[in-house]
$ cat start34.csv   # CSV, C-alpha atoms
chain,number,residue,atom,x,y,z
A,1,MET,CA,16.9,-14.0,-32.8
A,2,ARG,CA,14.5,-15.6,-35.2
A,3,GLU,CA,14.3,-18.8,-33.0
A,4,GLU,CA,13.5,-16.7,-29.9
A,5,LEU,CA,10.6,-15.0,-31.7
A,6,GLN,CA,9.3,-18.4,-32.9
A,7,GLU,CA,9.5,-19.8,-29.3
A,8,LYS,CA,7.6,-16.7,-28.0
A,9,SER,CA,4.9,-17.0,-30.6
A,10,VAL,CA,4.5,-20.8,-29.8
A,11,ALA,CA,4.3,-20.0,-26.1
A,12,GLY,CA,1.7,-17.3,-26.8
A,13,SER,CA,-0.4,-19.5,-29.0
A,14,SER,CA,-0.3,-22.4,-26.4
A,15,SER,CA,-1.6,-20.0,-23.8
A,16,ILE,CA,-4.5,-19.0,-26.1
A,17,ILE,CA,-5.3,-22.6,-26.7
A,18,GLU,CA,-5.3,-23.3,-23.0
A,19,LYS,CA,-7.7,-20.4,-22.4
A,20,GLN,CA,-10.0,-21.7,-25.1
A,21,LYS,CA,-9.9,-25.2,-23.5
A,22,GLU,CA,-10.8,-23.6,-20.1
A,23,LYS,CA,-13.7,-21.8,-21.7
A,24,VAL,CA,-15.0,-25.0,-23.3
A,25,LYS,CA,-14.7,-26.8,-20.0
A,26,GLN,CA,-16.6,-24.1,-18.2
A,27,HIS,CA,-19.3,-24.2,-21.0
A,28,GLU,CA,-19.6,-27.9,-20.6
A,29,GLU,CA,-20.0,-27.6,-16.8
A,30,HIS,CA,-22.7,-25.0,-17.2
A,31,PHE,CA,-24.4,-27.3,-19.8
A,32,ARG,CA,-24.3,-30.3,-17.4
A,33,LEU,CA,-25.8,-28.2,-14.7
A,34,TYR,CA,-28.5,-27.0,-17.0
A,35,ASN,CA,-29.3,-30.6,-18.0
A,36,LYS,CA,-29.6,-31.6,-14.3
A,37,VAL,CA,-31.9,-28.7,-13.5
A,38,VAL,CA,-34.1,-29.4,-16.5
A,39,PHE,CA,-34.3,-33.1,-15.8
A,40,THR,CA,-35.1,-32.5,-12.2
A,41,ALA,CA,-37.7,-29.9,-12.9
A,42,CYS,CA,-39.5,-32.2,-15.5
A,43,THR,CA,-39.4,-35.2,-13.2
A,44,LEU,CA,-40.6,-33.2,-10.2
A,45,PHE,CA,-43.4,-31.5,-12.3
A,46,GLY,CA,-44.5,-35.0,-13.6
A,47,SER,CA,-44.5,-36.4,-10.1
A,48,ILE,CA,-46.7,-33.5,-8.7
A,49,ILE,CA,-49.1,-33.8,-11.6
A,50,ALA,CA,-49.2,-37.6,-11.2
A,51,ILE,CA,-50.0,-37.4,-7.5
A,52,TYR,CA,-52.7,-34.8,-8.2
A,53,ILE,CA,-54.4,-36.6,-11.0
A,54,GLY,CA,-53.9,-40.2,-9.8
A,55,GLY,CA,-54.0,-39.7,-6.1
A,56,TRP,CA,-56.6,-36.9,-5.7
A,57,VAL,CA,-58.8,-36.7,-8.8
A,58,MET,CA,-59.1,-40.4,-9.6
A,59,PHE,CA,-58.7,-42.1,-6.2
A,60,ALA,CA,-59.6,-39.8,-3.2
A,61,LYS,CA,-62.4,-37.9,-5.0
A,62,SER,CA,-64.0,-41.2,-6.1
A,63,ILE,CA,-63.9,-42.6,-2.6
A,64,LEU,CA,-65.2,-39.3,-1.1
A,65,GLY,CA,-67.9,-39.1,-3.8
A,66,THR,CA,-69.0,-42.7,-3.2
A,67,TYR,CA,-69.2,-42.0,0.6
A,68,SER,CA,-71.2,-38.8,0.0
A,69,ALA,CA,-73.6,-40.6,-2.3
A,70,TYR,CA,-74.0,-43.5,0.2
A,71,THR,CA,-74.8,-41.1,3.1
A,72,THR,CA,-77.3,-39.1,1.0
A,73,GLY,CA,-79.0,-42.3,-0.3
A,74,THR,CA,-78.2,-41.6,-4.0
A,75,LEU,CA,-75.6,-44.4,-4.5
A,76,THR,CA,-76.4,-46.5,-7.6
A,77,PHE,CA,-74.7,-49.6,-8.8
A,78,ALA,CA,-73.4,-47.8,-11.9
A,79,TYR,CA,-71.9,-45.0,-9.8
A,80,LEU,CA,-70.2,-47.7,-7.6
A,81,VAL,CA,-68.7,-49.5,-10.6
A,82,LYS,CA,-67.4,-46.2,-12.1
A,83,ALA,CA,-65.8,-45.3,-8.8
A,84,ALA,CA,-64.2,-48.7,-8.5
A,85,ILE,CA,-62.8,-48.5,-12.0
A,86,LYS,CA,-61.4,-45.0,-11.3
A,87,CYS,CA,-59.7,-46.3,-8.1
A,88,ILE,CA,-58.2,-49.3,-9.9
A,89,MET,CA,-57.0,-47.2,-12.9
A,90,ALA,CA,-55.6,-44.3,-10.6
A,91,SER,CA,-52.2,-45.9,-10.2
A,92,THR,CA,-51.9,-46.6,-13.9
A,93,ALA,CA,-52.8,-43.0,-14.8
A,94,ALA,CA,-50.4,-41.7,-12.2
A,95,GLY,CA,-47.6,-44.0,-13.5
A,96,ALA,CA,-48.2,-42.9,-17.1
A,97,ILE,CA,-48.1,-39.2,-16.2
A,98,TRP,CA,-44.9,-39.7,-14.2
A,99,CYS,CA,-43.3,-41.6,-17.1
A,100,GLY,CA,-44.3,-38.8,-19.4
A,101,GLY,CA,-42.5,-36.2,-17.2
A,102,TYR,CA,-39.5,-38.5,-17.0
A,103,ILE,CA,-39.3,-39.0,-20.7
A,104,LEU,CA,-39.7,-35.3,-21.4
A,105,GLY,CA,-36.9,-34.6,-18.9
A,106,ARG,CA,-34.6,-37.1,-20.6
A,107,LYS,CA,-35.4,-35.7,-24.1
A,108,LEU,CA,-34.8,-32.1,-23.0
A,109,GLU,CA,-31.6,-33.1,-21.1
A,110,ARG,CA,-29.7,-34.1,-24.2

$ encode --input "start34.csv" --output "structure tokens"
Amino acid sequence: MREELQEKSVAGSSSIIEKQKEKVKQHEEHFRLYNKVVFTACTLFGSIIAIYIGGWVMFAKSILGTYSAYTTGTLTFAYLVKAAIKCIMASTAAGAIWCGGYILGRKLER
């Protein structure tokens, strides 16, 4: 009789352990999903900001501003040099911004 009770208690405790293991596994799956979402959001946000700053503000606006100054007759050598430097540095700025988003995503992921 005593042995039967011990076997039942061992069987009951193993089922509790299995349930706990399943809960831990589900928690880990949710945590992995959260990590993927956070990483993707940070990388995407960094990419969008990089395209806006590097592509639009520094590159396209400089070219459009230079063209506008040329057509109105107010283009100076200093303005042309500043626009050229902005265009050259646009890809560097965009890359740095994207890297910042990527690094932030990796830091928040773990």

$ closest_atom_pairs --input "start34.csv" --of "segment 20-60 of chain A" --to "segment 70-93 of chain A" --cutoff "10 Å" --atoms "all atoms listed in the file" --output "tab-separated table"
residue	atom	partner	partner_atom	distance
A:Ala50	CA	A:Ala93	CA	7.4
A:Ile51	CA	A:Ser91	CA	9.2
A:Ile53	CA	A:Ala93	CA	7.6
A:Gly54	CA	A:Ala90	CA	4.5
A:Gly55	CA	A:Ala90	CA	6.6
A:Trp56	CA	A:Ala90	CA	8.9
A:Val57	CA	A:Ala90	CA	8.4
A:Met58	CA	A:Ala90	CA	5.3
A:Phe59	CA	A:Cys87	CA	4.7
A:Ala60	CA	A:Cys87	CA	8.1

$ write_last_selection --input "start34.csv" --atoms "C-alpha atoms" --output "PDB file, in the coordinates of the input"
ATOM      1  CA  ALA A  50     -49.200 -37.600 -11.200  1.00  0.00           C
ATOM      2  CA  ILE A  51     -50.000 -37.400  -7.500  1.00  0.00           C
ATOM      3  CA  ILE A  53     -54.400 -36.600 -11.000  1.00  0.00           C
ATOM      4  CA  GLY A  54     -53.900 -40.200  -9.800  1.00  0.00           C
ATOM      5  CA  GLY A  55     -54.000 -39.700  -6.100  1.00  0.00           C
ATOM      6  CA  TRP A  56     -56.600 -36.900  -5.700  1.00  0.00           C
ATOM      7  CA  VAL A  57     -58.800 -36.700  -8.800  1.00  0.00           C
ATOM      8  CA  MET A  58     -59.100 -40.400  -9.600  1.00  0.00           C
ATOM      9  CA  PHE A  59     -58.700 -42.100  -6.200  1.00  0.00           C
ATOM     10  CA  ALA A  60     -59.600 -39.800  -3.200  1.00  0.00           C
TER      11      ALA A  60
END

$ atom_distance --input "start34.csv" --atom1 "atom CA of Val38 of chain A" --atom2 "atom CA of Cys99 of chain A"
15.3 Å

$ residues_around --input "start34.csv" --residues "Thr40 of chain A" --least-positions-apart "2" --cutoff "10 Å" --atoms "all atoms listed in the file" --output "PyMOL selection string"
chain A and resi 34-38+42-46+101-102+105-106+109

$ atom_distance --input "start34.csv" --atom1 "atom CA of Phe39 of chain A" --atom2 "atom CA of Gln20 of chain A"
28.4 Å

$ atom_distance --input "start34.csv" --atom1 "atom CA of Gly65 of chain A" --atom2 "atom CA of Gly100 of chain A"
28.3 Å

$ closest_residue --input "start34.csv" --among "A:Ser15, A:Ile63, A:Phe31, A:Gln26" --to "Leu108 of chain A" --atoms "all atoms listed in the file"
A:Phe31
